[in-house]
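Shown next, in structure tokens, is the structure this report addresses.
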Amino acid sequence: MPSRKSQGGPAVAAAASHSSPNIRVSNGLKDFLWLLSDIEGGRLLDLGSVSQATLNFFIERGFRVTTDDFVRSWKDFRAAEKERQHIEEQSDFYEPLSPEQIAQRFLDHSLQYPEEEFNAVLLWDIFDHLNAELLPKIADRLYDIMKPGGAVLAIFHSKPERSYRYRIVDNQTIETIPIGPVSAHNHAFQNREILNLFGRFRSAKTFVGRDQLREGLFIR
């Protein structure tokens, strides 16, 4: 196995000094970065709310970062879809779309990246916010746009209580920042559900912290 660049150093030591309850040590992040440590000029896709700290973290490590606030795009699409439906309901030829059809309409204009484009994806907890019909389609699309050997880091709340955004503090520390009510979450995932969704990936690993937050690391 090739050697990996060290992910230790002052930044990791500094993490111990953080006392905020929103700061958590992330084994998933640690392994994610270990997998990426030998990549030169890699491409990373961040699907969460934009965090300048996270952008800087990867840019300083030589990555080209693409940001795509996926949950916001989904919410905007759903609002537009409701408006379209309201207008079309006035027509004699109106036929409601199934949840599967709505999911496909959304993905026809989302995650439109070339195949094998990215070395890494930060999925964060977006699966907590989406309709069930979308989830396997997104997992399949992620597989297609990942390079072989690429890694996806995801978060799943075992007991959803709030909505969050995330920022990387250092090599093994993430800050979880509460931003909204529990109603933003659709589902609390079981481990088997997560592994089934990412069944196409050649390797899957999950980590459960004391805060009941489950991390998933999936390798293409």
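Letters for chains follow the order of the structure tokens (A, B, ...), residue numbers begin at 1 for each chain, and ligand numbers begin at 1 in the order shown.
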Under the rule of at most 10 Å, produce a per-residue listing of range 71-112 of chain A near range 135-152 of chain A: chain, number, name, the closest pair of atoms, and the distance in Å, as CSV, using only C-alpha atoms.
residue,atom,partner,partner_atom,distance
A:Glu100,CA,A:Lys137,CA,9.9
A:Ala103,CA,A:Lys137,CA,8.3
A:Gln104,CA,A:Lys137,CA,8.2
A:Leu107,CA,A:Ile138,CA,8.0
A:Ser110,CA,A:Ile138,CA,9.5
A:Leu111,CA,A:Arg141,CA,7.3
A:Gln112,CA,A:Arg141,CA,8.8
With C-alpha atoms kept, could you save the residues just selected as a compact mmCIF listing (two decimals), in the first residue's frame?
# COMPACT_ATOMS: atom_id res chain seq x y z
CA GLU A 100 -40.56 9.29 -8.80
CA ALA A 103 -37.32 13.26 -8.43
CA GLN A 104 -36.25 12.60 -12.01
CA LEU A 107 -32.05 15.38 -11.31
CA SER A 110 -28.90 18.75 -10.92
CA LEU A 111 -25.52 17.07 -10.39
CA GLN A 112 -24.85 17.49 -14.08
Once DSSP has gone over the backbone, tell me which residues of range 83-169 of chain A are in strand (DSSP E or B), as number ranges by chain.
A: 118-124, 146-157, 163-169
Length of the CA of Asp108 in chain A to CA of Glu215 in chain A vector [Å]:
28.1 Å
Could you name the residues that touch Gly41 in chain A at 9 Å or less, counting only C-alpha atoms, but leaving out those on the same chain fewer than 5 positions away, as a CSV table (one decimal) with N, CA and C atoms, in the first residue's frame?
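Everything below was put into part10.csv:
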chain,number,residue,atom,x,y,z
A,61,ARG,N,-4.7,22.7,0.3
A,61,ARG,CA,-4.1,21.4,0.0
A,61,ARG,C,-4.1,21.1,-1.4
A,62,GLY,N,-4.3,22.1,-2.3
A,62,GLY,CA,-4.1,21.9,-3.7
A,62,GLY,C,-5.4,21.4,-4.5
A,63,PHE,N,-6.5,21.4,-3.8
A,63,PHE,CA,-7.7,20.9,-4.5
A,63,PHE,C,-8.4,22.0,-5.2
A,64,ARG,N,-9.0,21.7,-6.3
A,64,ARG,CA,-10.0,22.6,-7.0
A,64,ARG,C,-11.4,22.2,-6.4
Do you have the CA of Tyr94 in chain A-CA of Phe70 in chain A distance handy?
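CA of Phe70 in chain A lies at a distance of 29.0 Å from CA of Tyr94 in chain A.
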All alpha helix (DSSP H) positions in range 89-191 of chain A, as JSON, numbers by chain:
{"A": [99, 100, 101, 102, 103, 104, 105, 106, 107, 135, 136, 137, 138, 139, 140, 141, 142, 143, 144, 145, 191]}
In Å to one decimal, how far is CA of Asp46 in chain A from CA of Thr66 in chain A?
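The value is 6.2 Å.
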Do a neighbour search on Pro99 in chain A at 12 Å with only C-alpha atoms, toss out local chain neighbours closer than 5 positions, and write the hits as a ChimeraX atom specification.
/A:78,81,104-106,130-135
Nearest-residue call for His187 in chain A, choices A:Trp74, A:Phe93, A:Trp34, A:Phe127, using only C-alpha atoms:
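Using only C-alpha atoms, His187 in chain A sits closest to A:Phe127.
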Counting only C-alpha atoms, the option among A:Leu195, A:Leu213, A:Ile102, A:Leu36 closest to Asp125 in chain A:
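Comparing A:Leu195, A:Leu213, A:Ile102, A:Leu36 against Asp125 in chain A, the winner is A:Leu213.
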Using only C-alpha atoms, can you tell me which of A:Glu40, A:Val71, A:Arg24, A:Asp31 comes closest to Lys205 in chain A?
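Looking at the shortest contact to Lys205 in chain A, the residue is A:Asp31.
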